[in-house]
Protein chains: 2
Amino acid sequence: MSKHFQRNLSDLKRQLLQMGALVEEAINLAIQAVVDREPKLGRKVVEGDRQIDKMEIDVEEHCLMLLALHQPVAADLRFIVAVMKVNNDLERMGDLAKNIANRAVDLARVEPLQAPDLLRSMVERAREMVRNSLDSLVYLNQELARQVCRDDDLVDTLHEKIFSTLQADMGRRPEVIPPALDFLSISRHLERIADLATNIAEDVVFMIEGEVIRHRAQEEENPGQE
Amino acid sequence: MSKHFQRNLSDLKRQLLQMGALVEEAINLAIQAVVDREPKLGRKVVEGDRQIDKMEIDVEEHCLMLLALHQPVAADLRFIVAVMKVNNDLERMGDLAKNIANRAVDLARVEPLQAPDLLRSMVERAREMVRNSLDSLVYLNQELARQVCRDDDLVDTLHEKIFSTLQADMGRRPEVIPPALDFLSISRHLERIADLATNIAEDVVFMIEGEVIRHRAQEEENPGQE
């Protein structure tokens, strides 16, 4: 590997981690907007998403440049392709954070309903998964990647619990149907963020091991509420 | 472009269109399972998803082989990268069809509720978007790609109408909350399939024009129910 390529690769990794930090912050802010009923914070997330979108384009152009200029093969090629996929997933996580933030704006307009208790744990877990999935890629840490895959089951369980609680609330008090649907939507967005982090982790394992755990895991997945 | 590369590229396009046809068929079957209350059909979709998963891996390996062997640059490089992204999106559409099919299995167990009338139009539109987005890539048809982007607004409107109808149903008849939530979930999955087709179409336009319509469109998007 040429020194020039190596330096470019380090820059790319740094860029990806920066983008990950922005996404994590967006998720955090979006949920704070929901829990504290602060639609203004929500609007900040919506505006901040433009920066994430811009970074996605930069990272993709960087990858294309590396491919065209250095024409890497084998492990280096697979790494750059993985970065392009992760980049895409990060941008989608940013969109999901924006969707959560939009729900905060909605929630401030309807009948108040307390945020489900488990939402906080779900957010903590999802953010950690995002961070760990990126770290597993940048440091090629297979054990960390496998941890992310395991954590996804926990997030799914939390989502199912939140779903059941909200469904019961709606049955008892029809007036809370609108905010309950907003919370359902938020919980689902968090679950999808966790899924995207899991995709990243699976790609990392696949890249390191050449083992397809992705589809095997899907077959075993709990066909519960998506 | 060498003849060998050209032949490989044609094979890749054919592979992608085959995968698209499988995804379309899965969406169709999943919705039929829901509307006709035929959980058996739903199980067929769940099993068929393995074939789509397998094709995703084949297409990715094919792309990596083309990159390593022919080291394409400029337009050819961008095309292969686009195929890798589209491949990923198709696999996710297959997962969404599977999620819809799982709801069919659920719906057969709870209080019957007639499927929302607009679901049929939504499915037709979403399937057409999937087909057109792939055709726009394979035939580099920018006009068709732009058509897909416009159609996405229609699907979003249909989803919002279905959402409002179901929300009103739940308020009036709490006993239909479980099936109504299933239908909401199905409508959302269809909307996401349309979103993924739109991502593909935006990538095609970006590739042909080098124009970033993607993020501009996002800024204008209706922040309605996701």
# chains A, B, ... in the order shown; residues from 1 in each chain; ligands from 1
call {"tool": "interface_residues", "arguments": {"of": "chain B", "to": "chain A", "cutoff": "9 Å", "atoms": "only C-alpha atoms", "output": "number ranges by chain"}}
result
B: 46, 50, 53-54, 57, 64, 67-69, 71-74, 77-78, 81, 84-85, 88, 99, 102-103, 167, 170-172, 174-175, 177-178, 181-182, 185, 212, 215, 219, 223-226
call {"tool": "write_last_selection", "arguments": {"atoms": "N, CA and C atoms", "output": "tab-separated table (two decimals), in the first residue's frame"}}
result
chain	number	residue	atom	x	y	z
B	46	VAL	N	-41.99	-15.21	2.53
B	46	VAL	CA	-40.91	-15.29	3.53
B	46	VAL	C	-39.84	-16.27	3.04
B	50	ARG	N	-35.20	-15.72	0.64
B	50	ARG	CA	-33.83	-16.28	0.66
B	50	ARG	C	-33.16	-16.19	-0.70
B	53	ASP	N	-31.94	-12.72	-1.17
B	53	ASP	CA	-30.73	-12.53	-0.37
B	53	ASP	C	-29.51	-13.14	-1.06
B	54	LYS	N	-29.72	-14.32	-1.65
B	54	LYS	CA	-28.61	-14.98	-2.34
B	54	LYS	C	-28.17	-14.17	-3.55
B	57	ILE	N	-25.87	-11.21	-2.75
B	57	ILE	CA	-24.47	-11.58	-2.56
B	57	ILE	C	-23.79	-11.82	-3.92
B	64	LEU	N	-17.56	-6.60	-7.39
B	64	LEU	CA	-16.19	-6.58	-6.84
B	64	LEU	C	-15.21	-7.18	-7.85
B	67	LEU	N	-14.62	-4.67	-10.60
B	67	LEU	CA	-13.74	-3.57	-10.14
B	67	LEU	C	-12.29	-4.04	-10.09
B	68	ALA	N	-12.08	-5.23	-9.53
B	68	ALA	CA	-10.71	-5.72	-9.35
B	68	ALA	C	-10.06	-6.09	-10.68
B	69	LEU	N	-10.87	-6.68	-11.57
B	69	LEU	CA	-10.32	-7.22	-12.81
B	69	LEU	C	-10.13	-6.15	-13.87
B	71	GLN	N	-10.69	-2.66	-13.33
B	71	GLN	CA	-10.34	-1.35	-12.79
B	71	GLN	C	-10.92	-0.21	-13.62
B	72	PRO	N	-12.25	-0.18	-13.74
B	72	PRO	CA	-12.89	0.86	-14.54
B	72	PRO	C	-12.73	2.24	-13.90
B	73	VAL	N	-12.78	3.28	-14.72
B	73	VAL	CA	-12.76	4.65	-14.20
B	73	VAL	C	-13.96	5.40	-14.77
B	74	ALA	N	-14.09	6.66	-14.34
B	74	ALA	CA	-15.13	7.58	-14.86
B	74	ALA	C	-16.52	6.94	-14.86
B	77	LEU	N	-16.97	3.27	-13.72
B	77	LEU	CA	-16.80	3.12	-12.27
B	77	LEU	C	-18.07	3.56	-11.54
B	78	ARG	N	-18.60	4.72	-11.92
B	78	ARG	CA	-19.83	5.22	-11.29
B	78	ARG	C	-21.00	4.26	-11.50
B	81	VAL	N	-20.61	1.29	-9.12
B	81	VAL	CA	-20.92	1.72	-7.75
B	81	VAL	C	-22.44	1.89	-7.59
B	84	MET	N	-24.05	-1.42	-7.10
B	84	MET	CA	-23.88	-1.95	-5.74
B	84	MET	C	-24.90	-1.35	-4.78
B	85	LYS	N	-25.17	-0.06	-4.94
B	85	LYS	CA	-26.14	0.59	-4.07
B	85	LYS	C	-27.56	0.09	-4.37
B	88	ASN	N	-28.23	-3.29	-2.92
B	88	ASN	CA	-28.53	-3.16	-1.50
B	88	ASN	C	-29.99	-2.75	-1.29
B	99	ASN	N	-41.76	-8.34	5.46
B	99	ASN	CA	-42.45	-7.75	6.61
B	99	ASN	C	-43.96	-7.64	6.36
B	102	ASN	N	-45.46	-10.99	6.76
B	102	ASN	CA	-45.62	-11.35	8.17
B	102	ASN	C	-46.87	-10.72	8.79
B	103	ARG	N	-47.19	-9.53	8.35
B	103	ARG	CA	-48.43	-8.88	8.82
B	103	ARG	C	-49.65	-9.67	8.35
B	167	GLN	N	-56.65	5.87	11.45
B	167	GLN	CA	-56.65	6.56	12.75
B	167	GLN	C	-58.10	6.84	13.19
B	170	MET	N	-59.80	3.62	14.34
B	170	MET	CA	-59.38	3.20	15.69
B	170	MET	C	-60.10	4.00	16.76
B	171	GLY	N	-60.30	5.29	16.50
B	171	GLY	CA	-60.99	6.15	17.47
B	171	GLY	C	-62.43	5.71	17.67
B	172	ARG	N	-63.07	5.30	16.58
B	172	ARG	CA	-64.48	4.92	16.66
B	172	ARG	C	-64.68	3.52	17.21
B	174	PRO	N	-62.49	0.76	19.10
B	174	PRO	CA	-61.23	0.29	19.70
B	174	PRO	C	-60.91	-1.17	19.41
B	175	GLU	N	-61.94	-1.99	19.13
B	175	GLU	CA	-61.68	-3.41	18.88
B	175	GLU	C	-60.89	-3.64	17.58
B	177	ILE	N	-58.30	-1.81	16.72
B	177	ILE	CA	-56.94	-1.24	16.85
B	177	ILE	C	-55.86	-2.23	16.37
B	178	PRO	N	-55.90	-3.52	16.83
B	178	PRO	CA	-54.82	-4.43	16.35
B	178	PRO	C	-54.74	-4.56	14.82
B	181	LEU	N	-53.48	-1.31	13.18
B	181	LEU	CA	-52.03	-1.10	13.31
B	181	LEU	C	-51.27	-1.95	12.30
B	182	ASP	N	-51.78	-3.16	12.03
B	182	ASP	CA	-51.15	-4.00	11.00
B	182	ASP	C	-51.23	-3.30	9.64
B	185	SER	N	-48.85	-0.47	9.35
B	185	SER	CA	-47.52	-1.00	9.15
B	185	SER	C	-47.31	-1.38	7.68
B	212	VAL	N	-27.10	16.97	-7.88
B	212	VAL	CA	-27.58	16.43	-6.60
B	212	VAL	C	-29.02	16.82	-6.37
B	215	HIS	N	-30.70	15.63	-2.21
B	215	HIS	CA	-30.87	16.35	-0.96
B	215	HIS	C	-31.75	17.58	-1.09
B	219	GLU	N	-35.16	18.39	1.23
B	219	GLU	CA	-35.46	19.63	1.95
B	219	GLU	C	-36.88	20.10	1.67
B	223	PRO	N	-43.07	17.02	5.63
B	223	PRO	CA	-42.71	16.34	6.89
B	223	PRO	C	-43.92	15.68	7.53
B	224	GLY	N	-44.71	14.96	6.73
B	224	GLY	CA	-45.93	14.31	7.25
B	224	GLY	C	-45.59	13.02	7.99
B	225	GLN	N	-46.54	12.12	8.11
B	225	GLN	CA	-46.33	10.85	8.80
B	225	GLN	C	-45.34	10.00	8.04
B	226	GLU	N	-44.29	9.52	8.71
B	226	GLU	CA	-43.40	8.58	8.03
B	226	GLU	C	-43.82	7.17	8.44
call {"tool": "residues_around", "arguments": {"residues": "segment 144-151 of chain B", "least_positions_apart": "6", "cutoff": "6 Å", "atoms": "only C-alpha atoms", "output": "list in words"}}
result
Met129, Ser133, Ser136, Thr198 and Ala201 of chain B
call {"tool": "residues_around", "arguments": {"residues": "Asn87 of chain B", "least_positions_apart": "2", "cutoff": "9 Å", "atoms": "only C-alpha atoms", "output": "number ranges by chain"}}
result
B: 16, 19, 55-57, 59-60, 82-85, 89-92
call {"tool": "write_last_selection", "arguments": {"atoms": "N, CA and C atoms", "output": "short mmCIF file (atom, residue, chain, number, x, y, z; two decimals), in the first residue's frame"}}
result
data_model
loop_
_atom_site.label_atom_id
_atom_site.label_comp_id
_atom_site.auth_asym_id
_atom_site.auth_seq_id
_atom_site.Cartn_x
_atom_site.Cartn_y
_atom_site.Cartn_z
N LEU B 16 -29.53 -7.93 -12.39
CA LEU B 16 -30.22 -6.91 -11.61
C LEU B 16 -31.71 -6.88 -11.95
N MET B 19 -33.45 -9.83 -10.43
CA MET B 19 -33.65 -9.60 -9.00
C MET B 19 -34.83 -8.66 -8.79
N MET B 55 -29.16 -13.64 -4.28
CA MET B 55 -28.83 -12.84 -5.46
C MET B 55 -28.06 -11.59 -5.08
N GLU B 56 -28.39 -11.00 -3.94
CA GLU B 56 -27.67 -9.80 -3.50
C GLU B 56 -26.18 -10.09 -3.38
N ILE B 57 -25.87 -11.21 -2.75
CA ILE B 57 -24.47 -11.58 -2.56
C ILE B 57 -23.79 -11.82 -3.92
N VAL B 59 -24.61 -10.54 -6.86
CA VAL B 59 -24.41 -9.28 -7.59
C VAL B 59 -23.23 -8.51 -6.99
N GLU B 60 -23.14 -8.51 -5.66
CA GLU B 60 -22.02 -7.78 -5.04
C GLU B 60 -20.68 -8.40 -5.42
N ALA B 82 -23.10 2.44 -8.62
CA ALA B 82 -24.55 2.60 -8.57
C ALA B 82 -25.23 1.23 -8.46
N VAL B 83 -24.72 0.25 -9.22
CA VAL B 83 -25.31 -1.09 -9.17
C VAL B 83 -25.19 -1.67 -7.75
N MET B 84 -24.05 -1.42 -7.10
CA MET B 84 -23.88 -1.95 -5.74
C MET B 84 -24.90 -1.35 -4.78
N LYS B 85 -25.17 -0.06 -4.94
CA LYS B 85 -26.14 0.59 -4.07
C LYS B 85 -27.56 0.09 -4.37
N ASP B 89 -30.43 -1.78 -2.08
CA ASP B 89 -31.81 -1.29 -1.94
C ASP B 89 -32.82 -2.37 -2.32
N LEU B 90 -32.50 -3.16 -3.35
CA LEU B 90 -33.41 -4.24 -3.76
C LEU B 90 -33.54 -5.28 -2.65
N GLU B 91 -32.42 -5.58 -2.02
CA GLU B 91 -32.47 -6.57 -0.94
C GLU B 91 -33.36 -6.06 0.20
N ARG B 92 -33.28 -4.73 0.46
CA ARG B 92 -34.12 -4.16 1.52
C ARG B 92 -35.59 -4.15 1.13
#
call {"tool": "closest_residue", "arguments": {"among": "A:Gln114, A:Asn28, A:Ser187, A:Thr157", "to": "Val130 of chain A", "atoms": "only C-alpha atoms"}}
result
A:Asn28
call {"tool": "closest_residue", "arguments": {"among": "A:Lys13, A:Lys3, A:Arg120, A:Lys44", "to": "Glu25 of chain A", "atoms": "only C-alpha atoms"}}
result
A:Lys44
call {"tool": "residues_around", "arguments": {"residues": "Gln32 of chain B", "least_positions_apart": "5", "cutoff": "8 Å", "atoms": "only C-alpha atoms", "output": "ChimeraX atom specification"}}
result
/B:37-38,41
call {"tool": "residues_around", "arguments": {"residues": "Leu9 of chain B", "least_positions_apart": "4", "cutoff": "10 Å", "atoms": "only C-alpha atoms", "output": "list in words"}}
result
Lys3, His4, Phe5, Lys13, Arg14, Gln15, His62, Cys63, Leu66, Asp76, Phe79, Ile80 and Val138 of chain B
call {"tool": "write_last_selection", "arguments": {"atoms": "all heavy atoms", "output": "CSV table (one decimal), in the first residue's frame"}}
result
chain,number,residue,atom,x,y,z
B,3,LYS,N,-14.3,-5.9,-24.9
B,3,LYS,CA,-15.5,-6.8,-25.2
B,3,LYS,C,-15.9,-7.6,-23.9
B,3,LYS,O,-17.0,-7.8,-23.6
B,3,LYS,CB,-15.2,-7.7,-26.4
B,3,LYS,CG,-15.7,-7.1,-27.7
B,3,LYS,CD,-15.8,-8.1,-28.7
B,3,LYS,CE,-16.2,-7.4,-30.0
B,3,LYS,NZ,-15.9,-8.2,-31.2
B,4,HIS,N,-14.8,-8.1,-23.3
B,4,HIS,CA,-15.0,-8.9,-22.1
B,4,HIS,C,-15.8,-8.1,-21.0
B,4,HIS,O,-16.7,-8.6,-20.4
B,4,HIS,CB,-13.6,-9.4,-21.6
B,4,HIS,CG,-13.7,-10.3,-20.4
B,4,HIS,ND1,-12.7,-10.5,-19.5
B,4,HIS,CD2,-14.7,-11.2,-20.1
B,4,HIS,CE1,-13.1,-11.4,-18.6
B,4,HIS,NE2,-14.3,-11.8,-19.0
B,5,PHE,N,-15.3,-6.9,-20.8
B,5,PHE,CA,-16.0,-6.0,-19.8
B,5,PHE,C,-17.4,-5.7,-20.2
B,5,PHE,O,-18.3,-5.8,-19.4
B,5,PHE,CB,-15.2,-4.7,-19.7
B,5,PHE,CG,-15.7,-3.8,-18.6
B,5,PHE,CD1,-15.8,-4.1,-17.3
B,5,PHE,CD2,-16.2,-2.5,-19.0
B,5,PHE,CE1,-16.3,-3.3,-16.3
B,5,PHE,CE2,-16.8,-1.7,-18.0
B,5,PHE,CZ,-16.8,-2.0,-16.7
B,13,LYS,N,-26.4,-6.4,-15.7
B,13,LYS,CA,-27.7,-5.7,-15.8
B,13,LYS,C,-28.8,-6.7,-15.8
B,13,LYS,O,-29.8,-6.5,-15.2
B,13,LYS,CB,-27.7,-4.9,-17.2
B,13,LYS,CG,-26.8,-3.7,-17.1
B,13,LYS,CD,-26.8,-3.0,-18.5
B,13,LYS,CE,-25.8,-1.8,-18.5
B,13,LYS,NZ,-25.7,-1.2,-19.8
B,14,ARG,N,-28.6,-7.9,-16.5
B,14,ARG,CA,-29.6,-8.9,-16.6
B,14,ARG,C,-29.9,-9.5,-15.2
B,14,ARG,O,-31.0,-9.6,-14.8
B,14,ARG,CB,-29.1,-10.0,-17.5
B,14,ARG,CG,-30.3,-10.8,-18.1
B,14,ARG,CD,-29.9,-11.8,-19.2
B,14,ARG,NE,-29.1,-11.2,-20.2
B,14,ARG,CZ,-27.8,-11.5,-20.5
B,14,ARG,NH1,-27.2,-12.5,-19.8
B,14,ARG,NH2,-27.2,-10.9,-21.5
B,15,GLN,N,-28.8,-9.7,-14.4
B,15,GLN,CA,-28.9,-10.2,-13.1
B,15,GLN,C,-29.8,-9.2,-12.2
B,15,GLN,O,-30.7,-9.6,-11.5
B,15,GLN,CB,-27.5,-10.2,-12.5
B,15,GLN,CG,-27.1,-11.6,-11.9
B,15,GLN,CD,-25.7,-11.5,-11.3
B,15,GLN,OE1,-24.9,-10.6,-11.7
B,15,GLN,NE2,-25.4,-12.3,-10.4
B,62,HIS,N,-20.1,-10.1,-8.1
B,62,HIS,CA,-19.9,-9.8,-9.5
B,62,HIS,C,-19.3,-8.4,-9.7
B,62,HIS,O,-18.3,-8.2,-10.4
B,62,HIS,CB,-21.2,-9.9,-10.2
B,62,HIS,CG,-21.1,-10.0,-11.7
B,62,HIS,ND1,-22.1,-10.5,-12.5
B,62,HIS,CD2,-20.1,-9.7,-12.6
B,62,HIS,CE1,-21.8,-10.4,-13.8
B,62,HIS,NE2,-20.6,-10.0,-13.8
B,63,CYS,N,-19.8,-7.4,-8.9
B,63,CYS,CA,-19.3,-6.0,-9.0
B,63,CYS,C,-17.9,-5.9,-8.5
B,63,CYS,O,-17.0,-5.3,-9.1
B,63,CYS,CB,-20.2,-5.1,-8.1
B,63,CYS,SG,-21.8,-4.8,-8.8
B,66,LEU,N,-15.6,-7.2,-11.1
B,66,LEU,CA,-15.4,-6.3,-12.2
B,66,LEU,C,-14.5,-5.1,-11.8
B,66,LEU,O,-13.7,-4.7,-12.6
B,66,LEU,CB,-16.8,-5.7,-12.6
B,66,LEU,CG,-17.7,-6.6,-13.5
B,66,LEU,CD1,-19.0,-5.9,-13.7
B,66,LEU,CD2,-17.0,-6.9,-14.8
B,76,ASP,N,-17.9,4.3,-16.2
B,76,ASP,CA,-18.0,2.8,-15.9
B,76,ASP,C,-17.9,2.6,-14.4
B,76,ASP,O,-18.6,1.8,-13.8
B,76,ASP,CB,-16.9,2.0,-16.6
B,76,ASP,CG,-17.2,2.0,-18.1
B,76,ASP,OD1,-18.3,2.2,-18.5
B,76,ASP,OD2,-16.2,1.8,-18.9
B,79,PHE,N,-21.0,3.7,-12.7
B,79,PHE,CA,-22.1,2.7,-13.0
B,79,PHE,C,-22.1,1.5,-12.0
B,79,PHE,O,-23.0,1.1,-11.4
B,79,PHE,CB,-22.1,2.3,-14.4
B,79,PHE,CG,-23.3,1.4,-14.8
B,79,PHE,CD1,-24.5,1.9,-15.1
B,79,PHE,CD2,-23.2,0.0,-14.7
B,79,PHE,CE1,-25.6,1.1,-15.4
B,79,PHE,CE2,-24.3,-0.8,-15.0
B,79,PHE,CZ,-25.5,-0.3,-15.3
B,80,ILE,N,-20.9,1.0,-11.9
B,80,ILE,CA,-20.7,-0.2,-11.0
B,80,ILE,C,-21.1,0.1,-9.5
B,80,ILE,O,-21.7,-0.6,-8.8
B,80,ILE,CB,-19.3,-0.8,-11.1
B,80,ILE,CG1,-19.0,-1.1,-12.6
B,80,ILE,CG2,-19.2,-2.1,-10.2
B,80,ILE,CD1,-18.7,-2.4,-13.0
B,138,VAL,N,-30.6,0.7,-16.0
B,138,VAL,CA,-30.1,-0.2,-17.0
B,138,VAL,C,-30.0,0.4,-18.4
B,138,VAL,O,-29.1,0.3,-19.1
B,138,VAL,CB,-30.9,-1.5,-17.0
B,138,VAL,CG1,-30.6,-2.4,-18.3
B,138,VAL,CG2,-30.6,-2.3,-15.7
